[in-house]
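A.B. asks: Would you mind keeping the following structure in view while I ask a few things?
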Amino acid sequence: MGGLVAVVVAACLVGVMPGVAFAHVVVSPGTATQGGYAALTFRVPNERDDASTTGIEVQFPTDFPLASVSVKPDPRYRYEITKTKPARPVEAHGASVTEVVGKITWTAADPESAIKPGEYDEFSVSVGPLPETDLLVFKTLQRYGDGEVVRWIQEPAAAGAEEPERPAPVLRLLPKGSDDTQGNPAAQPSTGTGEVALDASSAPASGSDTGVAWAVGLSAAALVISLACAATLVARRRRAP
C-alpha cells in the first residue's frame, strides 16, 4: 500500500507542477540592453477554470521612466494609455521629456476576445531608450469577468530566496557591450535615433518557459525517487517472515 501511495503522489506532481510554473504573467524577452530600444510582449495565462480574463493593466516603472512607449494594436482589445509626470525630465535624443507613460490598460472588446480557461494571450509594446539600471519591474493587474483581480506586483526575490507567489514581470537590463547580448537581437542596443522595429514573435523564450523545463525535470526526479521507494517497500515485505 505504501508503494502505491508513493506512485500516486509522484504522478500528481508530474501533472500539477508544470501548470503551476507556467501560470505567471511574464515579459519576453527577459533581457535587453541599456540605452537601446526593445519590443516587449507581456504573456498572460488564464489561471481560472470558471472565468475568463477580460483585461490587464501594466504599470510602467516610475523610478526609471521610459521616454518612448508605443503599443502594438490588436482589434480584439481596446487600450488606454495613462500618462504621468516623472520626478525629473527624461532625456531622449537630445530632447527633454516631461510626460511619460504611467500605465497601459487593455480591455477585451467583447466576450469572445477574452482569455478563456486553458488559454493565454500576449500584449506587445515597443519601449526605449532603456535606462542604466539592472532591471525594470512592470507590476500587472489581471482582471477576470467575475470581478476578481489578480495582482502580479511582488518584487523579484533576492538570489537564493524562494520566488514570491505573485511575481511582477521583470526585464533585466545589461550594460552596452555585455557578452550576454551576443546572439540575442532583442538585447542589442539601437544603432539609430528611432525605435528598432522588433518582431515580438522572434523574441527568445521567456522565463516561464525556463520554469516549465525546471518543473518537468523536478517532477521526473520525484517520480523516480517515489518508484525507488515503492520497490524498496515491496522488497522488504517479501523478505519479511
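Going through the C-alpha cells in order, the chains are called A, B, and so on, while each chain numbers its residues from 1 and the ligands are numbered from 1 in the order shown.
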Quick one: residues within 12 Å of Gly147 of chain A, only C-alpha atoms counted, chain neighbours fewer than 4 positions away excluded, as an NGL selection string?

C.D. replies: :A and (51-55 or 142-143)

A.B. asks: Output N, CA, C and O atoms of each residue in that selection to a file, as a PDB file, in the first residue's frame.

C.D. replies:
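Output file out-v9.pdb follows:
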ATOM      1  N   ALA A  51     -13.733  31.208 -15.208  1.00  0.00           N
ATOM      2  CA  ALA A  51     -13.888  32.623 -15.572  1.00  0.00           C
ATOM      3  C   ALA A  51     -12.840  32.986 -16.616  1.00  0.00           C
ATOM      4  O   ALA A  51     -11.773  32.375 -16.693  1.00  0.00           O
ATOM      5  N   SER A  52     -13.155  34.007 -17.418  1.00  0.00           N
ATOM      6  CA  SER A  52     -12.231  34.471 -18.455  1.00  0.00           C
ATOM      7  C   SER A  52     -11.533  35.756 -18.014  1.00  0.00           C
ATOM      8  O   SER A  52     -12.097  36.556 -17.253  1.00  0.00           O
ATOM      9  N   THR A  53     -10.312  35.933 -18.496  1.00  0.00           N
ATOM     10  CA  THR A  53      -9.587  37.183 -18.250  1.00  0.00           C
ATOM     11  C   THR A  53     -10.094  38.229 -19.233  1.00  0.00           C
ATOM     12  O   THR A  53     -10.001  38.056 -20.444  1.00  0.00           O
ATOM     13  N   THR A  54     -10.617  39.327 -18.708  1.00  0.00           N
ATOM     14  CA  THR A  54     -11.221  40.349 -19.568  1.00  0.00           C
ATOM     15  C   THR A  54     -10.312  41.553 -19.790  1.00  0.00           C
ATOM     16  O   THR A  54     -10.621  42.407 -20.625  1.00  0.00           O
ATOM     17  N   GLY A  55      -9.203  41.637 -19.049  1.00  0.00           N
ATOM     18  CA  GLY A  55      -8.310  42.768 -19.246  1.00  0.00           C
ATOM     19  C   GLY A  55      -7.104  42.709 -18.341  1.00  0.00           C
ATOM     20  O   GLY A  55      -7.069  41.945 -17.356  1.00  0.00           O
ATOM     21  N   GLN A 142      -4.386  41.625 -13.328  1.00  0.00           N
ATOM     22  CA  GLN A 142      -5.132  40.764 -14.248  1.00  0.00           C
ATOM     23  C   GLN A 142      -6.586  40.702 -13.793  1.00  0.00           C
ATOM     24  O   GLN A 142      -6.878  40.281 -12.668  1.00  0.00           O
ATOM     25  N   ARG A 143      -7.507  41.123 -14.653  1.00  0.00           N
ATOM     26  CA  ARG A 143      -8.925  41.213 -14.285  1.00  0.00           C
ATOM     27  C   ARG A 143      -9.723  40.076 -14.929  1.00  0.00           C
ATOM     28  O   ARG A 143      -9.572  39.795 -16.121  1.00  0.00           O
TER      29      ARG A 143
END

A.B. asks: So, with only C-alpha atoms as the atoms that count, which of A:Pro75, A:Ser68, A:Val170, A:Gly118 lies closest to Ala157 of chain A?

C.D. replies: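 Under the stated criterion, the closest residue is A:Val170.
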
A.B. asks: Go through A:Ser96, A:Gln154, A:Thr133, A:Thr140 and flag the residue nearest Gly35 of chain A, using only C-alpha atoms for the distances.

C.D. replies: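 Closest to Gly35 of chain A of all the choices is A:Thr133.
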
A.B. asks: Find the residue from A:Gly36, A:Gly145, A:Gly128, A:Pro61 that sits nearest to Pro169 of chain A; use only C-alpha atoms when measuring.

C.D. replies: A:Pro61

A.B. asks: List the spatial neighbours of Asp110 of chain A as a list of chain:residue names - criterion: any atom at most 10 Å away, only C-alpha atoms, same-chain residues fewer than 5 positions off excluded.

C.D. replies: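 Counting only the stated atoms, we get A:Thr54, A:Arg76, A:Tyr77, A:Arg78.
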
A.B. asks: Taking only C-alpha atoms into account, which of A:Gln34, A:Thr41, A:Ser126, A:Asn46 comes nearest Val150 of chain A?

C.D. replies: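 Nearest candidate to Val150 of chain A out of A:Gln34, A:Thr41, A:Ser126, A:Asn46: A:Asn46.
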
A.B. asks: So how far away is atom CA of Tyr79 of chain A from atom CA of Pro45 of chain A, in Å?

C.D. replies: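 The value is 18.5 Å.
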
A.B. asks: Excluding Leu174 of chain A and residues on its chain fewer than 3 positions from it, collect all residues at most 7 Å away from it, counting only C-alpha atoms, and give them as a list in words.

C.D. replies: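 Contacts, in chain order: Ala32, Thr33, Gln34, Asp134 and Ser178 of chain A.
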
A.B. asks: Take the residues that were just selected and, keeping C-alpha atoms, output them as a PDB file, in the first residue's frame.

C.D. replies:
ATOM      1  CA  ALA A  32      17.598  43.864 -23.123  1.00  0.00           C
ATOM      2  CA  THR A  33      20.441  46.386 -23.386  1.00  0.00           C
ATOM      3  CA  GLN A  34      20.723  49.669 -21.546  1.00  0.00           C
ATOM      4  CA  ASP A 134      19.824  46.453 -13.603  1.00  0.00           C
ATOM      5  CA  SER A 178      27.955  42.891 -22.438  1.00  0.00           C
TER       6      SER A 178
END
